[in-house]
Amino acid sequence: MFSVFVYGTLQTGHPNHYLLGNALAKGNESNFSHDDEAAEFKGCAVTVDKRPLVIGSSFNVPFLLDRTGQGKQVYGELYEVTWPLMKKLDELEDHPNLYVRSEIPIQLLKEDNSSGDVTTLAWCYLLPNFKESLLEASPFYSRYSEGAVNKQYVAKVDRAPSSLKDEVKKC
């Protein structure tokens, strides 16, 4: 199983959580196989390092920019996922063409959402080689839900294939 930190639309209650939600049901079955798309929720977590979380593009997509030390600590959820589910997440995030899956240090939170004492590495989808305008035009958020207010996320299936990349990636 692989640890994955999610901070945007894959979180509980957001548009792409169905991928993890369906896998959580499978992960709770005692007879699941590592060949299945399965997941286990490990808890709420926060990045150890500050990073810029922005809501960008005309599609209102959350991006965790690959710029350590700038921005805020970002809150999200930690899951353990099987390799087949990781490949499905890679497909959603267009890894490695748009986002790049990178291991980053995260800290698990206690049940009351205060800082815990467990720090671990988890895979996370970061946006490298981004246009600097993403840093200048957007406020930085610590939670996706803060930035998603009054902004309609446009699902991947409703976008032209390369339109998001054209808006946010450097040439």
# chains A, B, ... in the order shown; residues from 1 in each chain; ligands from 1
>>> residues_around(residues="range 48-62 of chain A", least_positions_apart="5", cutoff="6 Å", atoms="only C-alpha atoms", output="JSON, numbers by chain")
{"A": [8, 67, 68, 69, 70, 71, 72, 73, 105, 106, 138, 140, 141, 153, 154]}
>>> residues_around(residues="Asp117 in chain A", least_positions_apart="4", cutoff="10 Å", atoms="only C-alpha atoms", output="MDAnalysis selection string")
chainID A and resid 107:110
>>> closest_residue(among="A:Lys165, A:Val81, A:Glu40, A:Lys151", to="His95 in chain A", atoms="only C-alpha atoms")
A:Lys165
>>> atom_distance(atom1="CA of Asn150 in chain A", atom2="CA of Thr9 in chain A")
14.8 Å
>>> residues_around(residues="Phe5 in chain A", least_positions_apart="3", cutoff="9 Å", atoms="only C-alpha atoms", output="PyMOL selection string")
chain A and resi 45-47+76-80+104+106+122-125
>>> write_last_selection(atoms="N, CA, C and O atoms", output="mmCIF file, in the first residue's frame")
data_model
loop_
_atom_site.group_PDB
_atom_site.id
_atom_site.type_symbol
_atom_site.label_atom_id
_atom_site.label_comp_id
_atom_site.auth_asym_id
_atom_site.auth_seq_id
_atom_site.Cartn_x
_atom_site.Cartn_y
_atom_site.Cartn_z
ATOM 1 N N ALA A 45 -4.476 15.346 7.984
ATOM 2 C CA ALA A 45 -3.039 15.610 8.038
ATOM 3 C C ALA A 45 -2.763 17.019 7.536
ATOM 4 O O ALA A 45 -3.641 17.684 6.980
ATOM 5 N N VAL A 46 -1.531 17.468 7.742
ATOM 6 C CA VAL A 46 -1.095 18.790 7.293
ATOM 7 C C VAL A 46 0.332 18.666 6.777
ATOM 8 O O VAL A 46 1.109 17.837 7.275
ATOM 9 N N THR A 47 0.672 19.455 5.774
ATOM 10 C CA THR A 47 2.041 19.438 5.269
ATOM 11 C C THR A 47 2.983 19.976 6.348
ATOM 12 O O THR A 47 2.633 20.902 7.089
ATOM 13 N N GLY A 76 -5.218 18.442 4.689
ATOM 14 C CA GLY A 76 -5.863 17.488 3.796
ATOM 15 C C GLY A 76 -6.116 16.174 4.505
ATOM 16 O O GLY A 76 -6.242 16.127 5.727
ATOM 17 N N GLU A 77 -6.164 15.104 3.716
ATOM 18 C CA GLU A 77 -6.458 13.774 4.238
ATOM 19 C C GLU A 77 -5.387 12.802 3.775
ATOM 20 O O GLU A 77 -4.853 12.924 2.673
ATOM 21 N N LEU A 78 -5.085 11.821 4.631
ATOM 22 C CA LEU A 78 -4.092 10.804 4.321
ATOM 23 C C LEU A 78 -4.787 9.468 4.106
ATOM 24 O O LEU A 78 -5.627 9.058 4.918
ATOM 25 N N TYR A 79 -4.451 8.816 2.993
ATOM 26 C CA TYR A 79 -4.999 7.507 2.654
ATOM 27 C C TYR A 79 -3.866 6.540 2.364
ATOM 28 O O TYR A 79 -2.791 6.946 1.927
ATOM 29 N N GLU A 80 -4.118 5.273 2.589
ATOM 30 C CA GLU A 80 -3.271 4.194 2.099
ATOM 31 C C GLU A 80 -4.024 3.611 0.914
ATOM 32 O O GLU A 80 -5.213 3.287 1.033
ATOM 33 N N ILE A 104 6.301 13.923 0.018
ATOM 34 C CA ILE A 104 6.531 15.085 0.881
ATOM 35 C C ILE A 104 6.276 14.687 2.333
ATOM 36 O O ILE A 104 5.514 13.752 2.593
ATOM 37 N N ILE A 106 4.474 14.894 5.776
ATOM 38 C CA ILE A 106 3.197 15.367 6.311
ATOM 39 C C ILE A 106 3.099 14.940 7.776
ATOM 40 O O ILE A 106 3.781 14.020 8.218
ATOM 41 N N ALA A 122 4.452 11.000 2.395
ATOM 42 C CA ALA A 122 3.285 10.570 1.617
ATOM 43 C C ALA A 122 3.404 11.121 0.211
ATOM 44 O O ALA A 122 3.981 12.195 -0.008
ATOM 45 N N TRP A 123 2.848 10.388 -0.737
ATOM 46 C CA TRP A 123 2.793 10.875 -2.111
ATOM 47 C C TRP A 123 1.765 11.983 -2.186
ATOM 48 O O TRP A 123 0.719 11.931 -1.525
ATOM 49 N N CYS A 124 2.066 12.978 -2.997
ATOM 50 C CA CYS A 124 1.195 14.144 -3.142
ATOM 51 C C CYS A 124 1.366 14.650 -4.572
ATOM 52 O O CYS A 124 2.461 14.571 -5.131
ATOM 53 N N TYR A 125 0.291 15.160 -5.147
ATOM 54 C CA TYR A 125 0.358 15.679 -6.516
ATOM 55 C C TYR A 125 0.669 17.169 -6.488
ATOM 56 O O TYR A 125 -0.131 17.968 -6.009
#
>>> select_by_dssp(residues="range 52-152 of chain A", states="strand (DSSP E)", output="ChimeraX atom specification")
/A:53-56,61-64,75-81,100-109,115-126
>>> closest_residue(among="A:Gly147, A:Pro139, A:Gly116, A:Pro161", to="Asp94 in chain A", atoms="only C-alpha atoms")
A:Pro161
>>> select_by_dssp(residues="chain A", states="helix (DSSP H, G or I)", output="ChimeraX atom specification")
/A:18-27,83-93,133-137,144-147,156-158,163-168
>>> write_last_selection(atoms="N, CA and C atoms", output="mmCIF file, in the first residue's frame")
data_model
loop_
_atom_site.group_PDB
_atom_site.id
_atom_site.type_symbol
_atom_site.label_atom_id
_atom_site.label_comp_id
_atom_site.auth_asym_id
_atom_site.auth_seq_id
_atom_site.Cartn_x
_atom_site.Cartn_y
_atom_site.Cartn_z
ATOM 1 N N TYR A 18 -15.236 10.430 -5.083
ATOM 2 C CA TYR A 18 -15.843 9.142 -5.437
ATOM 3 C C TYR A 18 -14.772 8.085 -5.732
ATOM 4 N N LEU A 19 -13.616 8.498 -6.286
ATOM 5 C CA LEU A 19 -12.549 7.528 -6.570
ATOM 6 C C LEU A 19 -12.053 6.862 -5.288
ATOM 7 N N LEU A 20 -11.871 7.656 -4.246
ATOM 8 C CA LEU A 20 -11.429 7.106 -2.962
ATOM 9 C C LEU A 20 -12.593 6.468 -2.220
ATOM 10 N N GLY A 21 -13.769 7.082 -2.309
ATOM 11 C CA GLY A 21 -14.944 6.549 -1.611
ATOM 12 C C GLY A 21 -15.282 5.142 -2.054
ATOM 13 N N ASN A 22 -15.272 4.898 -3.355
ATOM 14 C CA ASN A 22 -15.527 3.548 -3.865
ATOM 15 C C ASN A 22 -14.463 2.580 -3.393
ATOM 16 N N ALA A 23 -13.217 3.039 -3.363
ATOM 17 C CA ALA A 23 -12.096 2.187 -2.949
ATOM 18 C C ALA A 23 -12.103 1.937 -1.446
ATOM 19 N N LEU A 24 -12.637 2.880 -0.658
ATOM 20 C CA LEU A 24 -12.715 2.686 0.794
ATOM 21 C C LEU A 24 -13.612 1.502 1.124
ATOM 22 N N ALA A 25 -14.720 1.396 0.411
ATOM 23 C CA ALA A 25 -15.622 0.267 0.639
ATOM 24 C C ALA A 25 -14.887 -1.046 0.374
ATOM 25 N N LYS A 26 -14.103 -1.095 -0.695
ATOM 26 C CA LYS A 26 -13.349 -2.300 -1.039
ATOM 27 C C LYS A 26 -12.275 -2.572 0.017
ATOM 28 N N GLY A 27 -11.592 -1.504 0.481
ATOM 29 C CA GLY A 27 -10.538 -1.658 1.473
ATOM 30 C C GLY A 27 -11.045 -2.149 2.816
ATOM 31 N N TRP A 83 -1.735 -0.198 -5.471
ATOM 32 C CA TRP A 83 -1.128 0.264 -6.717
ATOM 33 C C TRP A 83 -2.173 0.486 -7.821
ATOM 34 N N PRO A 84 -3.167 -0.382 -8.009
ATOM 35 C CA PRO A 84 -4.168 -0.103 -9.047
ATOM 36 C C PRO A 84 -4.910 1.221 -8.812
ATOM 37 N N LEU A 85 -5.176 1.555 -7.560
ATOM 38 C CA LEU A 85 -5.836 2.835 -7.278
ATOM 39 C C LEU A 85 -4.868 3.996 -7.501
ATOM 40 N N MET A 86 -3.600 3.809 -7.139
ATOM 41 C CA MET A 86 -2.603 4.857 -7.386
ATOM 42 C C MET A 86 -2.546 5.177 -8.878
ATOM 43 N N LYS A 87 -2.595 4.155 -9.725
ATOM 44 C CA LYS A 87 -2.583 4.386 -11.170
ATOM 45 C C LYS A 87 -3.822 5.160 -11.608
ATOM 46 N N LYS A 88 -4.961 4.902 -10.989
ATOM 47 C CA LYS A 88 -6.195 5.623 -11.302
ATOM 48 C C LYS A 88 -6.069 7.095 -10.874
ATOM 49 N N LEU A 89 -5.453 7.345 -9.718
ATOM 50 C CA LEU A 89 -5.222 8.719 -9.263
ATOM 51 C C LEU A 89 -4.247 9.433 -10.202
ATOM 52 N N ASP A 90 -3.206 8.715 -10.634
ATOM 53 C CA ASP A 90 -2.257 9.285 -11.599
ATOM 54 C C ASP A 90 -2.978 9.726 -12.871
ATOM 55 N N GLU A 91 -3.918 8.916 -13.307
ATOM 56 C CA GLU A 91 -4.682 9.245 -14.521
ATOM 57 C C GLU A 91 -5.519 10.508 -14.304
ATOM 58 N N LEU A 92 -6.202 10.589 -13.174
ATOM 59 C CA LEU A 92 -7.008 11.773 -12.871
ATOM 60 C C LEU A 92 -6.135 13.025 -12.839
ATOM 61 N N GLU A 93 -4.976 12.929 -12.204
ATOM 62 C CA GLU A 93 -4.100 14.086 -12.018
ATOM 63 C C GLU A 93 -3.164 14.326 -13.211
ATOM 64 N N SER A 133 2.380 33.619 -12.818
ATOM 65 C CA SER A 133 1.127 34.350 -12.576
ATOM 66 C C SER A 133 0.244 33.633 -11.553
ATOM 67 N N LEU A 134 0.425 32.320 -11.378
ATOM 68 C CA LEU A 134 -0.340 31.603 -10.354
ATOM 69 C C LEU A 134 0.037 32.076 -8.952
ATOM 70 N N LEU A 135 1.295 32.451 -8.782
ATOM 71 C CA LEU A 135 1.746 32.952 -7.478
ATOM 72 C C LEU A 135 1.255 34.377 -7.228
ATOM 73 N N GLU A 136 1.118 35.140 -8.297
ATOM 74 C CA GLU A 136 0.784 36.562 -8.164
ATOM 75 C C GLU A 136 -0.711 36.824 -8.090
ATOM 76 N N ALA A 137 -1.507 36.037 -8.796
ATOM 77 C CA ALA A 137 -2.927 36.338 -8.930
ATOM 78 C C ALA A 137 -3.794 35.715 -7.842
ATOM 79 N N TYR A 144 -8.447 23.640 0.892
ATOM 80 C CA TYR A 144 -9.126 23.783 -0.395
ATOM 81 C C TYR A 144 -10.504 24.409 -0.218
ATOM 82 N N SER A 145 -11.215 24.023 0.831
ATOM 83 C CA SER A 145 -12.580 24.525 1.040
ATOM 84 C C SER A 145 -12.609 26.045 1.212
ATOM 85 N N GLU A 146 -11.519 26.652 1.688
ATOM 86 C CA GLU A 146 -11.465 28.118 1.820
ATOM 87 C C GLU A 146 -11.510 28.788 0.453
ATOM 88 N N GLY A 147 -10.800 28.224 -0.507
ATOM 89 C CA GLY A 147 -10.704 28.823 -1.829
ATOM 90 C C GLY A 147 -11.826 28.429 -2.767
ATOM 91 N N LYS A 156 -12.630 17.220 -15.064
ATOM 92 C CA LYS A 156 -11.714 16.893 -16.154
ATOM 93 C C LYS A 156 -12.466 16.480 -17.418
ATOM 94 N N VAL A 157 -13.544 15.732 -17.262
ATOM 95 C CA VAL A 157 -14.298 15.258 -18.429
ATOM 96 C C VAL A 157 -14.996 16.400 -19.171
ATOM 97 N N ASP A 158 -15.136 17.544 -18.526
ATOM 98 C CA ASP A 158 -15.818 18.685 -19.129
ATOM 99 C C ASP A 158 -14.857 19.715 -19.715
ATOM 100 N N SER A 163 -6.311 21.984 -22.437
ATOM 101 C CA SER A 163 -6.616 23.363 -22.069
ATOM 102 C C SER A 163 -6.076 23.753 -20.686
ATOM 103 N N LEU A 164 -6.161 22.863 -19.710
ATOM 104 C CA LEU A 164 -5.664 23.183 -18.373
ATOM 105 C C LEU A 164 -4.153 23.360 -18.393
ATOM 106 N N LYS A 165 -3.458 22.452 -19.048
ATOM 107 C CA LYS A 165 -1.988 22.566 -19.153
ATOM 108 C C LYS A 165 -1.589 23.877 -19.790
ATOM 109 N N ASP A 166 -2.302 24.260 -20.848
ATOM 110 C CA ASP A 166 -1.983 25.512 -21.550
ATOM 111 C C ASP A 166 -2.114 26.722 -20.626
ATOM 112 N N GLU A 167 -3.056 26.674 -19.715
ATOM 113 C CA GLU A 167 -3.287 27.814 -18.826
ATOM 114 C C GLU A 167 -2.270 27.940 -17.696
ATOM 115 N N VAL A 168 -1.751 26.823 -17.213
ATOM 116 C CA VAL A 168 -0.962 26.881 -15.964
ATOM 117 C C VAL A 168 0.505 26.490 -16.087
#
>>> atom_distance(atom1="CA of Asp112 in chain A", atom2="CA of Cys44 in chain A")
9.9 Å
>>> atom_distance(atom1="CA of Leu98 in chain A", atom2="CA of Thr119 in chain A")
27.3 Å
